[in-house]
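This is run-v3.pdb. It holds PDB, C-alpha atoms.
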ATOM      1  CA  LEU E   1    -105.468-134.534 -50.601
ATOM      2  CA  LYS E   2    -105.434-134.104 -54.357
ATOM      3  CA  GLY E   3    -103.217-131.095 -55.098
ATOM      4  CA  ALA E   4    -101.369-131.339 -51.754
ATOM      5  CA  ARG E   5     -97.579-131.604 -51.586
ATOM      6  CA  ILE E   6     -96.606-135.288 -51.564
ATOM      7  CA  GLY E   7     -94.692-135.061 -48.269
ATOM      8  CA  ASP E   8     -97.668-133.426 -46.556
ATOM      9  CA  ALA E   9    -100.079-136.018 -47.977
ATOM     10  CA  VAL E  10     -97.939-138.943 -46.784
ATOM     11  CA  TYR E  11     -97.698-137.369 -43.330
ATOM     12  CA  GLU E  12    -101.460-136.763 -43.091
ATOM     13  CA  VAL E  13    -102.387-140.302 -44.188
ATOM     14  CA  GLU E  14     -99.843-141.861 -41.796
ATOM     15  CA  ARG E  15    -101.183-139.689 -38.975
ATOM     16  CA  ALA E  16    -104.827-140.501 -39.721
ATOM     17  CA  TYR E  17    -104.204-144.225 -40.356
ATOM     18  CA  PRO E  18    -101.165-145.328 -38.329
ATOM     19  CA  ASN E  19    -101.682-149.013 -39.223
ATOM     20  CA  VAL E  20    -101.447-148.613 -43.004
ATOM     21  CA  LYS E  21     -98.452-148.625 -45.292
ATOM     22  CA  VAL E  22     -98.329-145.492 -47.443
ATOM     23  CA  GLU E  23     -96.927-146.106 -50.919
ATOM     24  CA  PRO E  24     -96.164-142.880 -52.822
ATOM     25  CA  CYS E  25     -95.862-143.590 -56.572
ATOM     26  CA  GLU E  26     -94.823-141.211 -59.309
ATOM     27  CA  ILE E  27     -97.383-141.071 -62.118
ATOM     28  CA  PRO E  28     -96.218-143.179 -65.088
ATOM     29  CA  ASP E  29     -94.300-141.266 -67.721
ATOM     30  CA  PRO E  30     -96.161-141.129 -71.069
ATOM     31  CA  GLY E  31     -92.886-140.660 -72.947
ATOM     32  CA  CYS E  32     -90.867-137.842 -74.501
ATOM     33  CA  LYS E  33     -88.685-137.453 -77.587
ATOM     34  CA  VAL E  34     -84.943-137.333 -78.141
ATOM     35  CA  ALA E  35     -83.915-133.955 -79.582
ATOM     36  CA  SER E  36     -80.812-132.246 -80.982
ATOM     37  CA  PHE E  37     -79.664-128.689 -81.441
ATOM     38  CA  ASP E  38     -76.385-129.780 -83.080
ATOM     39  CA  ARG E  39     -76.516-130.419 -86.850
ATOM     40  CA  ASN E  40     -74.219-133.477 -86.616
ATOM     41  CA  PHE E  41     -76.446-135.206 -84.071
ATOM     42  CA  LYS E  42     -79.550-134.291 -86.102
ATOM     43  CA  GLN E  43     -78.060-136.004 -89.153
ATOM     44  CA  LEU E  44     -76.148-138.928 -87.611
ATOM     45  CA  GLY E  45     -77.913-139.526 -84.317
ATOM     46  CA  TYR E  46     -76.363-140.353 -80.954
ATOM     47  CA  SER E  47     -74.095-143.358 -80.498
ATOM     48  CA  GLY E  48     -72.056-142.761 -77.334
ATOM     49  CA  ASN E  49     -73.363-142.694 -73.783
ATOM     50  CA  PHE E  50     -75.656-139.658 -74.021
ATOM     51  CA  VAL E  51     -78.619-138.183 -75.902
ATOM     52  CA  GLY E  52     -80.241-134.780 -76.176
ATOM     53  CA  MET E  53     -83.592-134.220 -74.497
ATOM     54  CA  TYR E  54     -85.850-131.213 -74.249
ATOM     55  CA  ALA E  55     -84.971-129.512 -70.971
ATOM     56  CA  ASP E  56     -88.573-129.427 -69.730
ATOM     57  CA  SER E  57     -88.834-133.200 -70.252
ATOM     58  CA  ALA E  58     -85.395-133.922 -68.761
ATOM     59  CA  ALA E  59     -86.373-131.987 -65.608
ATOM     60  CA  LYS E  60     -87.978-135.159 -64.232
ATOM     61  CA  LEU E  61     -84.618-136.969 -64.286
ATOM     62  CA  ARG E  62     -81.913-137.139 -61.626
ATOM     63  CA  PRO E  63     -78.689-139.138 -61.421
ATOM     64  CA  GLY E  64     -79.822-142.711 -60.756
ATOM     65  CA  SER E  65     -83.099-142.361 -62.678
ATOM     66  CA  VAL E  66     -83.754-145.158 -65.155
ATOM     67  CA  VAL E  67     -84.795-144.348 -68.718
ATOM     68  CA  GLU E  68     -86.275-146.752 -71.257
ATOM     69  CA  LEU E  69     -85.109-145.951 -74.777
ATOM     70  CA  GLY E  70     -85.321-148.190 -77.816
ATOM     71  CA  GLY E  71     -86.514-151.143 -75.726
ATOM     72  CA  ARG E  72     -83.480-150.948 -73.425
ATOM     73  CA  ARG E  73     -82.965-149.413 -70.014
ATOM     74  CA  TYR E  74     -80.243-146.909 -69.174
ATOM     75  CA  THR E  75     -79.275-145.361 -65.844
ATOM     76  CA  VAL E  76     -78.829-141.575 -65.784
ATOM     77  CA  GLU E  77     -75.317-140.657 -64.688
ATOM     78  CA  SER E  78     -75.583-136.874 -65.054
ATOM     79  CA  LEU E  79     -77.374-134.055 -66.832
ATOM     80  CA  ALA E  80     -75.429-131.331 -68.621
ATOM     81  CA  ALA E  81     -76.188-127.733 -67.731
ATOM     82  CA  GLU E  82     -78.838-126.011 -69.795
ATOM     83  CA  THR E  83     -77.465-123.183 -71.960
ATOM     84  CA  PRO E  84     -79.455-120.584 -73.945
ATOM     85  CA  GLU E  85     -77.916-121.427 -77.331
ATOM     86  CA  GLN E  86     -78.825-125.132 -77.130
ATOM     87  CA  LYS E  87     -82.312-125.066 -78.655
ATOM     88  CA  SER E  88     -84.356-127.148 -81.063
ATOM     89  CA  SER E  89     -87.748-125.913 -82.261
ATOM     90  CA  LEU E  90     -87.280-123.001 -79.830
ATOM     91  CA  ARG E  91     -87.123-125.416 -76.866
ATOM     92  CA  PRO E  92     -83.939-125.753 -74.802
ATOM     93  CA  VAL E  93     -82.118-129.089 -75.135
ATOM     94  CA  ARG E  94     -79.950-130.746 -72.470
ATOM     95  CA  TYR E  95     -77.573-133.654 -72.830
ATOM     96  CA  VAL E  96     -78.362-136.569 -70.530
ATOM     97  CA  TYR E  97     -75.456-138.955 -69.848
ATOM     98  CA  PHE E  98     -75.913-142.635 -69.008
ATOM     99  CA  THR E  99     -73.667-145.030 -67.105
ATOM    100  CA  GLU E 100     -74.115-147.516 -69.968
ATOM    101  CA  GLY E 101     -73.251-146.954 -73.625
ATOM    102  CA  LEU E 102     -76.094-146.839 -76.133
ATOM    103  CA  GLN E 103     -76.704-150.222 -77.755
ATOM    104  CA  ALA E 104     -77.736-148.677 -81.089
ATOM    105  CA  THR E 105     -77.744-145.283 -82.783
ATOM    106  CA  VAL E 106     -80.538-143.102 -81.413
ATOM    107  CA  ARG E 107     -82.050-140.443 -83.657
ATOM    108  CA  ASP E 108     -84.152-137.363 -83.008
ATOM    109  CA  GLY E 109     -87.763-138.253 -82.378
ATOM    110  CA  ALA E 110     -86.960-141.571 -80.672
ATOM    111  CA  VAL E 111     -89.284-141.973 -77.699
ATOM    112  CA  TRP E 112     -87.868-142.332 -74.205
ATOM    113  CA  ARG E 113     -89.657-142.582 -70.897
ATOM    114  CA  LYS E 114     -88.643-142.474 -67.270
ATOM    115  CA  VAL E 115     -89.171-145.828 -65.586
ATOM    116  CA  THR E 116     -91.263-145.253 -62.469
ATOM    117  CA  LYS E 117     -92.008-147.445 -59.475
ATOM    118  CA  GLU E 118     -95.218-149.438 -59.746
ATOM    119  CA  PRO E 119     -97.391-150.165 -56.701
ATOM    120  CA  GLU E 120     -96.907-153.623 -55.240
ATOM    121  CA  GLU E 121     -99.115-156.227 -56.920
ATOM    122  CA  GLY E 122    -102.316-157.430 -55.306
ATOM    123  CA  HIS E 123    -104.835-155.931 -52.937
ATOM    124  CA  ASP E 124    -103.843-154.976 -49.382
ATOM    125  CA  ASP E 125    -106.383-153.369 -47.034
ATOM    126  CA  HIS E 126    -103.470-151.946 -45.038
ATOM    127  CA  ARG E 127    -101.983-149.967 -47.909
ATOM    128  CA  VAL E 128    -102.673-146.531 -49.379
ATOM    129  CA  VAL E 129    -101.287-145.651 -52.810
ATOM    130  CA  ILE E 130    -100.685-141.948 -53.426
ATOM    131  CA  TRP E 131     -99.957-140.932 -57.036
ATOM    132  CA  TYR E 132     -97.919-137.754 -57.484
ATOM    133  CA  ASP E 133     -96.237-135.606 -60.141
ATOM    134  CA  PHE E 134     -92.449-135.691 -59.751
ATOM    135  CA  ASN E 135     -91.724-132.161 -61.010
ATOM    136  CA  ALA E 136     -94.516-130.438 -59.102
ATOM    137  CA  GLN E 137     -94.271-132.803 -56.091
ATOM    138  CA  VAL E 138     -98.051-132.702 -55.728
ATOM    139  CA  VAL E 139    -100.681-135.426 -55.406
ATOM    140  CA  THR E 140    -102.475-135.959 -58.725
ATOM    141  CA  GLU E 141    -105.203-138.445 -57.709
ATOM    142  CA  ILE E 142    -107.301-139.137 -54.645
ATOM    143  CA  PRO E 143    -105.297-141.642 -52.521
ATOM    144  CA  LEU E 144    -106.473-145.240 -52.930
ATOM    145  CA  PHE E 145    -106.806-147.894 -50.241
ATOM    146  CA  GLY E 146    -105.798-151.351 -51.339
TER     147      GLY E 146
END

As structure tokens, please, write out the structure in this file.
Amino acid sequence: LKGARIGDAVYEVERAYPNVKVEPCEIPDPGCKVASFDRNFKQLGYSGNFVGMYADSAAKLRPGSVVELGGRRYTVESLAAETPEQKSSLRPVRYVYFTEGLQATVRDGAVWRKVTKEPEEGHDDHRVVIWYDFNAQVVTEIPLFG
């Protein structure tokens, strides 16, 4: 099932093993960096309720996603539209807005990561964990029993 679409993989496992609980889990986010295209934000950092992120990294976020930044967690409220002139190091930058205000000034290069669901603790013979990539929506590992 590695490489299969996550929805198809869940369906196939549930069909083959009707007595198991299938637990799809997004692969843990290794982290990305805050970025700016605006000179003021590059110099002073962000201090409101939003930060700039590279668009390709921000693509894994949706309203309601939780981001860990500077040791604190923030809930994504919305993502600004991507525009061609908003670039840093030739990569498009998008503003990501949070429901909470930033607790400290955040500067370019600060590492953020999307908080992903972890499998339930402990071993369970009636559970299959399926790891998948959020953006591609494909299974990244062979599903694991337990």

Could you give me the axis-aligned bounding box of segment 19-38 of chain E, with 5 Å of padding per side, as centre plus edge lengths in Å to one decimal, as AutoDock Vina command-line options?
--center_x -89.0 --center_y -138.9 --center_z -61.2 --size_x 35.3 --size_y 30.3 --size_z 53.9

- [ ] Quote the spacing between atom CA of Glu141 of chain E and atom CA of Val76 of chain E in Å to one decimal place.
- [x]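 Rounded to one decimal, the two atoms are 27.8 Å apart.
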
Target residues per the PyMOL selection byres ((chain E and resi 114-117) around 6), formatted as a compact mmCIF listing (two decimals) with C-alpha atoms, keeping the file's coordinate frame:
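Everything below was put into out-v2.txt:
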# COMPACT_ATOMS: atom_id res chain seq x y z
CA PRO E 28 -96.22 -143.18 -65.09
CA ASP E 29 -94.30 -141.27 -67.72
CA VAL E 66 -83.75 -145.16 -65.16
CA VAL E 67 -84.80 -144.35 -68.72
CA ARG E 113 -89.66 -142.58 -70.90
CA GLU E 118 -95.22 -149.44 -59.75

Can you list every residue of segment 75-142 of chain E that has an atom at most 6 Å from segment 18-26 of chain E, with its nearest atom pair and the distance in Å to one decimal, using only C-alpha atoms, ordered by chain then number, as CSV?
residue,atom,partner,partner_atom,distance
E:His126,CA,E:Val20,CA,4.4
E:Arg127,CA,E:Lys21,CA,4.6
E:Val128,CA,E:Val22,CA,4.9
E:Val129,CA,E:Glu23,CA,4.8
E:Ile130,CA,E:Pro24,CA,4.7
E:Trp131,CA,E:Cys25,CA,4.9
E:Tyr132,CA,E:Glu26,CA,5.0
E:Asp133,CA,E:Glu26,CA,5.8

Task: Shortest interatomic distance to Gly52 of chain E - which of E:Tyr17, E:Tyr11, E:Phe37, E:Phe145, counting only C-alpha atoms - done: E:Phe37

Open item on the list: List the spatial neighbours of segment 89-101 of chain E as a list in words - criterion: any atom at most 6 Å away, only C-alpha atoms, same-chain residues fewer than 5 positions off excluded.
Closed with: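 What passes the distance filter is Gly48, Asn49, Phe50, Val51, Gly52, Met53, Tyr54, Ala55, Thr75, Val76, Glu77, Ser78, Leu79, Ala80 and Glu82 of chain E.
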
- [ ] Find the residue from E:Glu120, E:Asp108, E:Asp8, E:Glu14 that sits nearest to Leu69 of chain E; use only C-alpha atoms when measuring.
- [x] E:Asp108

Task: Computed interatomic separation between atom CA of Thr105 of chain E and atom CA of Gly31 of chain E (Å) - done: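 That distance, rounded to one decimal, is 18.6 Å.
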
Open item on the list: Restricting the calculation to only C-alpha atoms: of E:Ala4, E:Ala59, E:Leu102, E:Ala110, which residue gets closest to Ser36 of chain E?
Closed with: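 Of the candidates, the smallest distance to Ser36 of chain E is held by E:Ala110.
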
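The protein and nucleic acid residues lying at most 9 Å from Gly7 of chain E are Glu12, Gln137 and Val138 of chain E, with only C-alpha atoms considered and sequence neighbours fewer than 5 positions away removed.
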
- [ ] Using the chain letters and numbers from the file, give me the residues hit by the PyMOL selection byres ((chain E and resi 106) around 6), as a list in words.
- [x] Gly45, Tyr46, Thr105 and Arg107 of chain E

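Closest approach to Pro30 of chain E among E:Gln103, E:Gly122, E:Trp112, E:Gly64: E:Trp112, based on all atoms listed in the file.
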
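Across the model, the gap from atom CA of Ala9 of chain E to atom CA of Ile142 of chain E is 10.3 Å.
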
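Minimum distance to Glu68 of chain E across E:Ala16, E:Leu144, E:Ala136, E:Val34 (counting all atoms listed in the file) occurs at E:Val34.
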
- [ ] Compare E:Ile6, E:Ala81, E:Ile27, E:Ala35 by their minimum atom-to-atom distance to Gly109 of chain E, counting all atoms listed in the file, and give me the closest one.
- [x]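 Counting all atoms listed in the file, the residue closest to Gly109 of chain E is E:Ala35.
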
Some atoms are missing, so please complete segment 122-142 of chain E with N, CA, C and O atoms and return it as a CSV table (one decimal), in the frame of the given file.
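Printed below is out.csv as written:
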chain,number,residue,atom,x,y,z
E,122,GLY,N,-101.3,-156.9,-56.2
E,122,GLY,CA,-102.3,-157.4,-55.3
E,122,GLY,C,-103.0,-156.4,-54.5
E,122,GLY,O,-102.6,-155.2,-54.4
E,123,HIS,N,-104.0,-156.8,-53.8
E,123,HIS,CA,-104.8,-155.9,-52.9
E,123,HIS,C,-104.4,-156.1,-51.5
E,123,HIS,O,-104.1,-157.2,-51.0
E,124,ASP,N,-104.3,-155.0,-50.8
E,124,ASP,CA,-103.8,-155.0,-49.4
E,124,ASP,C,-104.7,-153.9,-48.7
E,124,ASP,O,-104.5,-152.7,-48.9
E,125,ASP,N,-105.5,-154.3,-47.8
E,125,ASP,CA,-106.4,-153.4,-47.0
E,125,ASP,C,-105.6,-152.4,-46.1
E,125,ASP,O,-106.1,-151.4,-45.7
E,126,HIS,N,-104.3,-152.8,-45.9
E,126,HIS,CA,-103.5,-151.9,-45.0
E,126,HIS,C,-102.4,-151.1,-45.8
E,126,HIS,O,-101.3,-150.9,-45.4
E,127,ARG,N,-102.9,-150.8,-47.0
E,127,ARG,CA,-102.0,-150.0,-47.9
E,127,ARG,C,-102.8,-148.8,-48.5
E,127,ARG,O,-103.9,-149.0,-48.9
E,128,VAL,N,-102.1,-147.7,-48.7
E,128,VAL,CA,-102.7,-146.5,-49.4
E,128,VAL,C,-101.7,-146.1,-50.4
E,128,VAL,O,-100.5,-145.9,-50.2
E,129,VAL,N,-102.1,-146.1,-51.7
E,129,VAL,CA,-101.3,-145.7,-52.8
E,129,VAL,C,-101.6,-144.2,-53.1
E,129,VAL,O,-102.8,-143.8,-53.3
E,130,ILE,N,-100.5,-143.4,-53.1
E,130,ILE,CA,-100.7,-141.9,-53.4
E,130,ILE,C,-99.9,-141.6,-54.7
E,130,ILE,O,-98.7,-141.7,-54.7
E,131,TRP,N,-100.6,-141.3,-55.8
E,131,TRP,CA,-100.0,-140.9,-57.0
E,131,TRP,C,-99.6,-139.5,-57.0
E,131,TRP,O,-100.4,-138.6,-56.6
E,132,TYR,N,-98.4,-139.1,-57.5
E,132,TYR,CA,-97.9,-137.8,-57.5
E,132,TYR,C,-97.1,-137.4,-58.7
E,132,TYR,O,-96.6,-138.3,-59.4
E,133,ASP,N,-97.0,-136.1,-59.0
E,133,ASP,CA,-96.2,-135.6,-60.1
E,133,ASP,C,-94.8,-135.3,-59.6
E,133,ASP,O,-94.7,-134.5,-58.7
E,134,PHE,N,-93.8,-135.9,-60.2
E,134,PHE,CA,-92.4,-135.7,-59.8
E,134,PHE,C,-92.0,-134.2,-59.8
E,134,PHE,O,-91.5,-133.7,-58.8
E,135,ASN,N,-92.2,-133.5,-60.9
E,135,ASN,CA,-91.7,-132.2,-61.0
E,135,ASN,C,-92.4,-131.2,-60.0
E,135,ASN,O,-91.8,-130.4,-59.4
E,136,ALA,N,-93.7,-131.3,-60.0
E,136,ALA,CA,-94.5,-130.4,-59.1
E,136,ALA,C,-94.5,-130.9,-57.7
E,136,ALA,O,-94.8,-130.1,-56.7
E,137,GLN,N,-94.2,-132.2,-57.4
E,137,GLN,CA,-94.3,-132.8,-56.1
E,137,GLN,C,-95.6,-132.7,-55.4
E,137,GLN,O,-95.7,-132.4,-54.2
E,138,VAL,N,-96.7,-132.8,-56.2
E,138,VAL,CA,-98.1,-132.7,-55.7
E,138,VAL,C,-98.8,-134.0,-56.1
E,138,VAL,O,-98.6,-134.6,-57.1
E,139,VAL,N,-99.8,-134.3,-55.2
E,139,VAL,CA,-100.7,-135.4,-55.4
E,139,VAL,C,-101.6,-135.2,-56.6
E,139,VAL,O,-102.2,-134.1,-56.7
E,140,THR,N,-101.7,-136.1,-57.5
E,140,THR,CA,-102.5,-136.0,-58.7
E,140,THR,C,-103.8,-136.7,-58.7
E,140,THR,O,-104.7,-136.4,-59.5
E,141,GLU,N,-104.0,-137.7,-57.8
E,141,GLU,CA,-105.2,-138.4,-57.7
E,141,GLU,C,-105.6,-138.6,-56.3
E,141,GLU,O,-104.8,-138.4,-55.4
E,142,ILE,N,-106.9,-138.9,-56.0
E,142,ILE,CA,-107.3,-139.1,-54.6
E,142,ILE,C,-106.6,-140.4,-54.2
E,142,ILE,O,-106.6,-141.4,-54.9
